[in-house]
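**Q** First, the structure itself, so that you have it in front of you.
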Amino acid sequence: MELRHLKTFRTVAEKGGFSRAGEELGYAQSTVTAHIHKLEEELGSPLFDRLGKRTVLTDAGKHLLPYAKEMVRLSREAAEIIGHSEAPAGPLRIGAAESLLVYRLPSILHEFRKRYPQVRLELYPGQCRNMRTRLKEGEMDLAFLLDEERREPELHTETLIREELMLVAPPGHALAGRKRILPSDLMGQTLLQTELGCSYRTLLERRLKKAGSVGQRIDFWNIEAIKQCTISGLGIAYLPRMTVDRELEEGRLIELPWLHQGDRVFTQLAWHKDKWTTPAMAGFIELVRERIRPGGTDMAGKQ
């Protein structure tokens, strides 16, 4: 079977339709259809069902998809090896939790671009669970995770920075004078939260559930929005210190003395154990290690 047919198959599966796959690949819909028919003939089984306007994988298609993704990935890596030799060049696909992309990575990305201008950086914000999956499926080269420490057999994971978490509020908040804030004290308070699945939101919810404490909650998809709404008095928030350092220094936010101040998450760098380490990946990993070793600057350092 031809690689281009597998690429077309993978794209139809990801985009959910023949016309959208054609737009993505620059093919006419008839070409997409021909590629899929050819694969179906070779395999002796239909790969998609057309259910009204929806295009869904058959069982055979579901079995083929991971193999197609892996074959496309390997062909891309082979092209990079042959085409670029040992000089870092080509794409480098990096996933990162939003808070790390905003508050930890800018200086590293800036330095990497200066060292390796021929590398095309592709950055993808996302949640840790999704990034781990994309690493396993070969859709990302590296991922910066902000999570509790956990090990998965398919991934190599390096712990970089221990991140402090804190409960913050605007000055003058009703809880500001307490010597210690218990989970029960948050009953009736408005919590401004990151999206479902965020590691530190999960930690807080675990503490509150254990204590039987339930408050009003407003979900956000952006940490800056959470901070501004907290400053305005809409509620309180549970965030990594790195995201609120400036606001604490300026007095626009205060730290509340949360009972579980010892809870932490960790900035971690991960990649697939079996993935060939391209020169671009090796250069990036080396730079990260330089920035966090004793005597070096961490990832929050100035450019």
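Chain labels follow the order of the structure tokens: the first chain is A, the next B, and so on; residue numbering restarts at 1 in every chain, and ligands are counted from 1 in their shown order.
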Extract, using only C-alpha atoms, all DNA, RNA and protein residues at most 12 Å from Pro125 of chain A, discarding same-chain residues fewer than 6 positions from it, and format them as JSON, numbers by chain.

**A** {"A": [93, 94, 95, 96, 97, 98, 99, 100, 101, 102, 105, 131, 134, 140, 142, 143, 144, 145, 146, 221, 222]}

**Q** Running DSSP on the backbone, which parts of segment 83-143 of chain A land in helix (DSSP H, G or I), as number ranges by chain?

**A** A: 83-84, 98-103, 106-115, 128-136

**Q** Do you know which residues are at most 10 Å from Leu196 of chain A counting only C-alpha atoms, after dropping those on the same chain fewer than 4 positions away, and could you put them as a list in words?

**A**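 In the requested format, the answer is Gln127, Arg201, Thr202, Asp219, Phe220 and Trp221 of chain A.
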
**Q** To one decimal in Å, tell me the separation between atom CA of Thr133 of chain A and atom CA of Thr55 of chain A.

**A** 23.0 Å

**Q** Using only C-alpha atoms, which protein or nucleic acid residues come within 9 Å of Gly233 of chain A? Drop anything in the same chain fewer than 6 positions from it, and give the result as a list of chain:residue names.

**A**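 Listed by chain and then number, they are A:Ala169, A:Pro170, A:Pro171, A:His173.
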
**Q** Would you output that residue set with C-alpha atoms, as a PDB file, in the first residue's frame?

**A**
```pdb
ATOM      1  CA  ALA A 169      -7.490  36.633  46.555  1.00  0.00           C
ATOM      2  CA  PRO A 170      -7.748  40.413  46.186  1.00  0.00           C
ATOM      3  CA  PRO A 171      -6.603  42.538  49.140  1.00  0.00           C
ATOM      4  CA  HIS A 173     -11.075  39.730  50.896  1.00  0.00           C
TER       5      HIS A 173
END
```

**Q** Between A:Ile226, A:Leu269, A:Leu186, A:Ile108, which has the minimum distance to Arg151 of chain A (counting only C-alpha atoms)?

**A**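 Among the listed residues, the smallest separation from Arg151 of chain A belongs to A:Leu269.
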
**Q** Which distance in Å separates atom CA of Arg178 of chain A and atom CA of Leu256 of chain A, to one decimal?

**A**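 Computed distance, atom CA of Arg178 of chain A to atom CA of Leu256 of chain A, equals 7.9 Å.
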
**Q** Considering only C-alpha atoms, return as a list in words whatever protein or nucleic-acid residues lie within 10 Å of Phe9 of chain A, sequence-local ones (same chain, fewer than 3 positions apart) excluded.

**A**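 Counting only the stated atoms, we get Leu3, Arg4, His5, Leu6, Val12, Ala13, Glu14, Phe18, Ala21, Val32, Thr33, His35, Ile36, Leu39, Leu47, Phe48, Gly61, Leu64, Leu65, Ala68 and Lys69 of chain A.
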
**Q** Given only C-alpha atoms as the basis, pick out the residue of A:Val244, A:Leu155, A:Val265, A:Ala225 nearest to Arg132 of chain A.

**A**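 Answer, going by the shortest atom-to-atom distance: A:Leu155.
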
**Q** Could you write out, as number ranges by chain, all the residues of segment 21-94 of chain A that DSSP marks as strand (DSSP E or B)?

**A** A: 48-51, 54-57, 90-94

**Q** Give me, please, the distance in Å between atom CA of Leu192 of chain A and atom CA of Gln216 of chain A, quoted to one decimal.

**A**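 A separation of 8.7 Å between them.
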
**Q** Using only C-alpha atoms, which residues sit within 10 Å of Val214 of chain A once same-chain residues fewer than 3 positions away are excluded, as a PDB file with N, CA and C atoms, in the first residue's frame?

**A**
```
ATOM      1  N   PRO A 183     -10.381  23.722  54.080  1.00  0.00           N
ATOM      2  CA  PRO A 183     -11.319  23.459  52.984  1.00  0.00           C
ATOM      3  C   PRO A 183     -12.743  23.884  53.303  1.00  0.00           C
ATOM      4  N   SER A 184     -13.151  23.719  54.559  1.00  0.00           N
ATOM      5  CA  SER A 184     -14.508  24.118  54.944  1.00  0.00           C
ATOM      6  C   SER A 184     -14.718  25.625  54.849  1.00  0.00           C
ATOM      7  N   ASP A 185     -13.636  26.406  54.933  1.00  0.00           N
ATOM      8  CA  ASP A 185     -13.751  27.862  54.824  1.00  0.00           C
ATOM      9  C   ASP A 185     -14.121  28.306  53.409  1.00  0.00           C
ATOM     10  N   LEU A 186     -13.934  27.421  52.442  1.00  0.00           N
ATOM     11  CA  LEU A 186     -14.248  27.772  51.055  1.00  0.00           C
ATOM     12  C   LEU A 186     -15.705  27.489  50.707  1.00  0.00           C
ATOM     13  N   MET A 187     -16.454  26.926  51.671  1.00  0.00           N
ATOM     14  CA  MET A 187     -17.875  26.705  51.461  1.00  0.00           C
ATOM     15  C   MET A 187     -18.556  28.051  51.197  1.00  0.00           C
ATOM     16  N   GLY A 188     -19.225  28.163  50.084  1.00  0.00           N
ATOM     17  CA  GLY A 188     -19.917  29.408  49.756  1.00  0.00           C
ATOM     18  C   GLY A 188     -19.069  30.435  49.032  1.00  0.00           C
ATOM     19  N   GLN A 189     -17.749  30.195  48.947  1.00  0.00           N
ATOM     20  CA  GLN A 189     -16.883  31.107  48.206  1.00  0.00           C
ATOM     21  C   GLN A 189     -16.969  30.809  46.703  1.00  0.00           C
ATOM     22  N   THR A 190     -16.680  31.806  45.892  1.00  0.00           N
ATOM     23  CA  THR A 190     -16.654  31.620  44.444  1.00  0.00           C
ATOM     24  C   THR A 190     -15.224  31.292  44.029  1.00  0.00           C
ATOM     25  N   LEU A 191     -15.042  30.114  43.450  1.00  0.00           N
ATOM     26  CA  LEU A 191     -13.728  29.677  42.986  1.00  0.00           C
ATOM     27  C   LEU A 191     -13.631  29.897  41.481  1.00  0.00           C
ATOM     28  N   GLU A 205      -9.740  20.175  43.887  1.00  0.00           N
ATOM     29  CA  GLU A 205     -11.034  19.497  43.958  1.00  0.00           C
ATOM     30  C   GLU A 205     -10.950  18.239  44.813  1.00  0.00           C
ATOM     31  N   LEU A 208     -11.128  19.439  48.420  1.00  0.00           N
ATOM     32  CA  LEU A 208     -12.461  19.915  48.776  1.00  0.00           C
ATOM     33  C   LEU A 208     -13.460  18.765  48.874  1.00  0.00           C
ATOM     34  N   LYS A 209     -13.347  17.809  47.961  1.00  0.00           N
ATOM     35  CA  LYS A 209     -14.270  16.670  47.987  1.00  0.00           C
ATOM     36  C   LYS A 209     -14.078  15.854  49.256  1.00  0.00           C
ATOM     37  N   ALA A 211     -13.141  16.909  52.075  1.00  0.00           N
ATOM     38  CA  ALA A 211     -13.667  17.656  53.220  1.00  0.00           C
ATOM     39  C   ALA A 211     -15.162  17.920  53.100  1.00  0.00           C
ATOM     40  N   ARG A 217     -18.553  27.844  41.512  1.00  0.00           N
ATOM     41  CA  ARG A 217     -17.381  27.730  40.648  1.00  0.00           C
ATOM     42  C   ARG A 217     -17.658  28.348  39.291  1.00  0.00           C
TER      43      ARG A 217
END
```

**Q** Choose the residue, out of A:Leu160, A:Leu287, A:Ile223, A:Leu109, that has the smallest atom-to-atom separation from Glu195 of chain A; count only C-alpha atoms.

**A**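 Result for the nearest residue to Glu195 of chain A: A:Ile223.
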
**Q** Near Tyr116 of chain A, counting only C-alpha atoms, which residues have an atom at most 12 Å away, once you skip same-chain residues fewer than 5 positions from it, shown as a list in words?

**A**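 So the residues in contact are Ala87, Pro88, Ala89, Gly90, Pro91, Leu92, Ile108, Leu109, His110, Glu111, Leu121, Pro279, Ala280, Met281, Ala282, Gly283, Phe284 and Leu287 of chain A.
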
**Q** Just write the chosen residues, C-alpha atoms, as a compact mmCIF listing (two decimals), in the first residue's frame.

**A**
```txt
# COMPACT_ATOMS: atom_id res chain seq x y z
CA ALA A 87 22.41 19.94 11.46
CA PRO A 88 19.28 20.87 13.45
CA ALA A 89 16.63 21.82 10.90
CA GLY A 90 13.06 21.08 9.94
CA PRO A 91 10.02 21.07 12.23
CA LEU A 92 10.08 20.63 16.00
CA ILE A 108 14.10 29.20 26.18
CA LEU A 109 12.26 29.53 22.87
CA HIS A 110 14.03 32.83 22.19
CA GLU A 111 17.46 31.33 22.85
CA LEU A 121 9.06 25.59 15.90
CA PRO A 279 19.17 16.92 15.97
CA ALA A 280 16.53 19.58 16.66
CA MET A 281 15.15 17.58 19.60
CA ALA A 282 18.65 16.96 20.95
CA GLY A 283 19.50 20.66 20.75
CA PHE A 284 16.33 21.64 22.54
CA LEU A 287 19.27 23.82 26.10
```

**Q** Quick one: of A:Gly251, A:Gly26, A:Pro106, A:Gly262, who's nearest to Glu163 of chain A, counting only C-alpha atoms?

**A**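 Closest to Glu163 of chain A, using only C-alpha atoms: A:Gly262.
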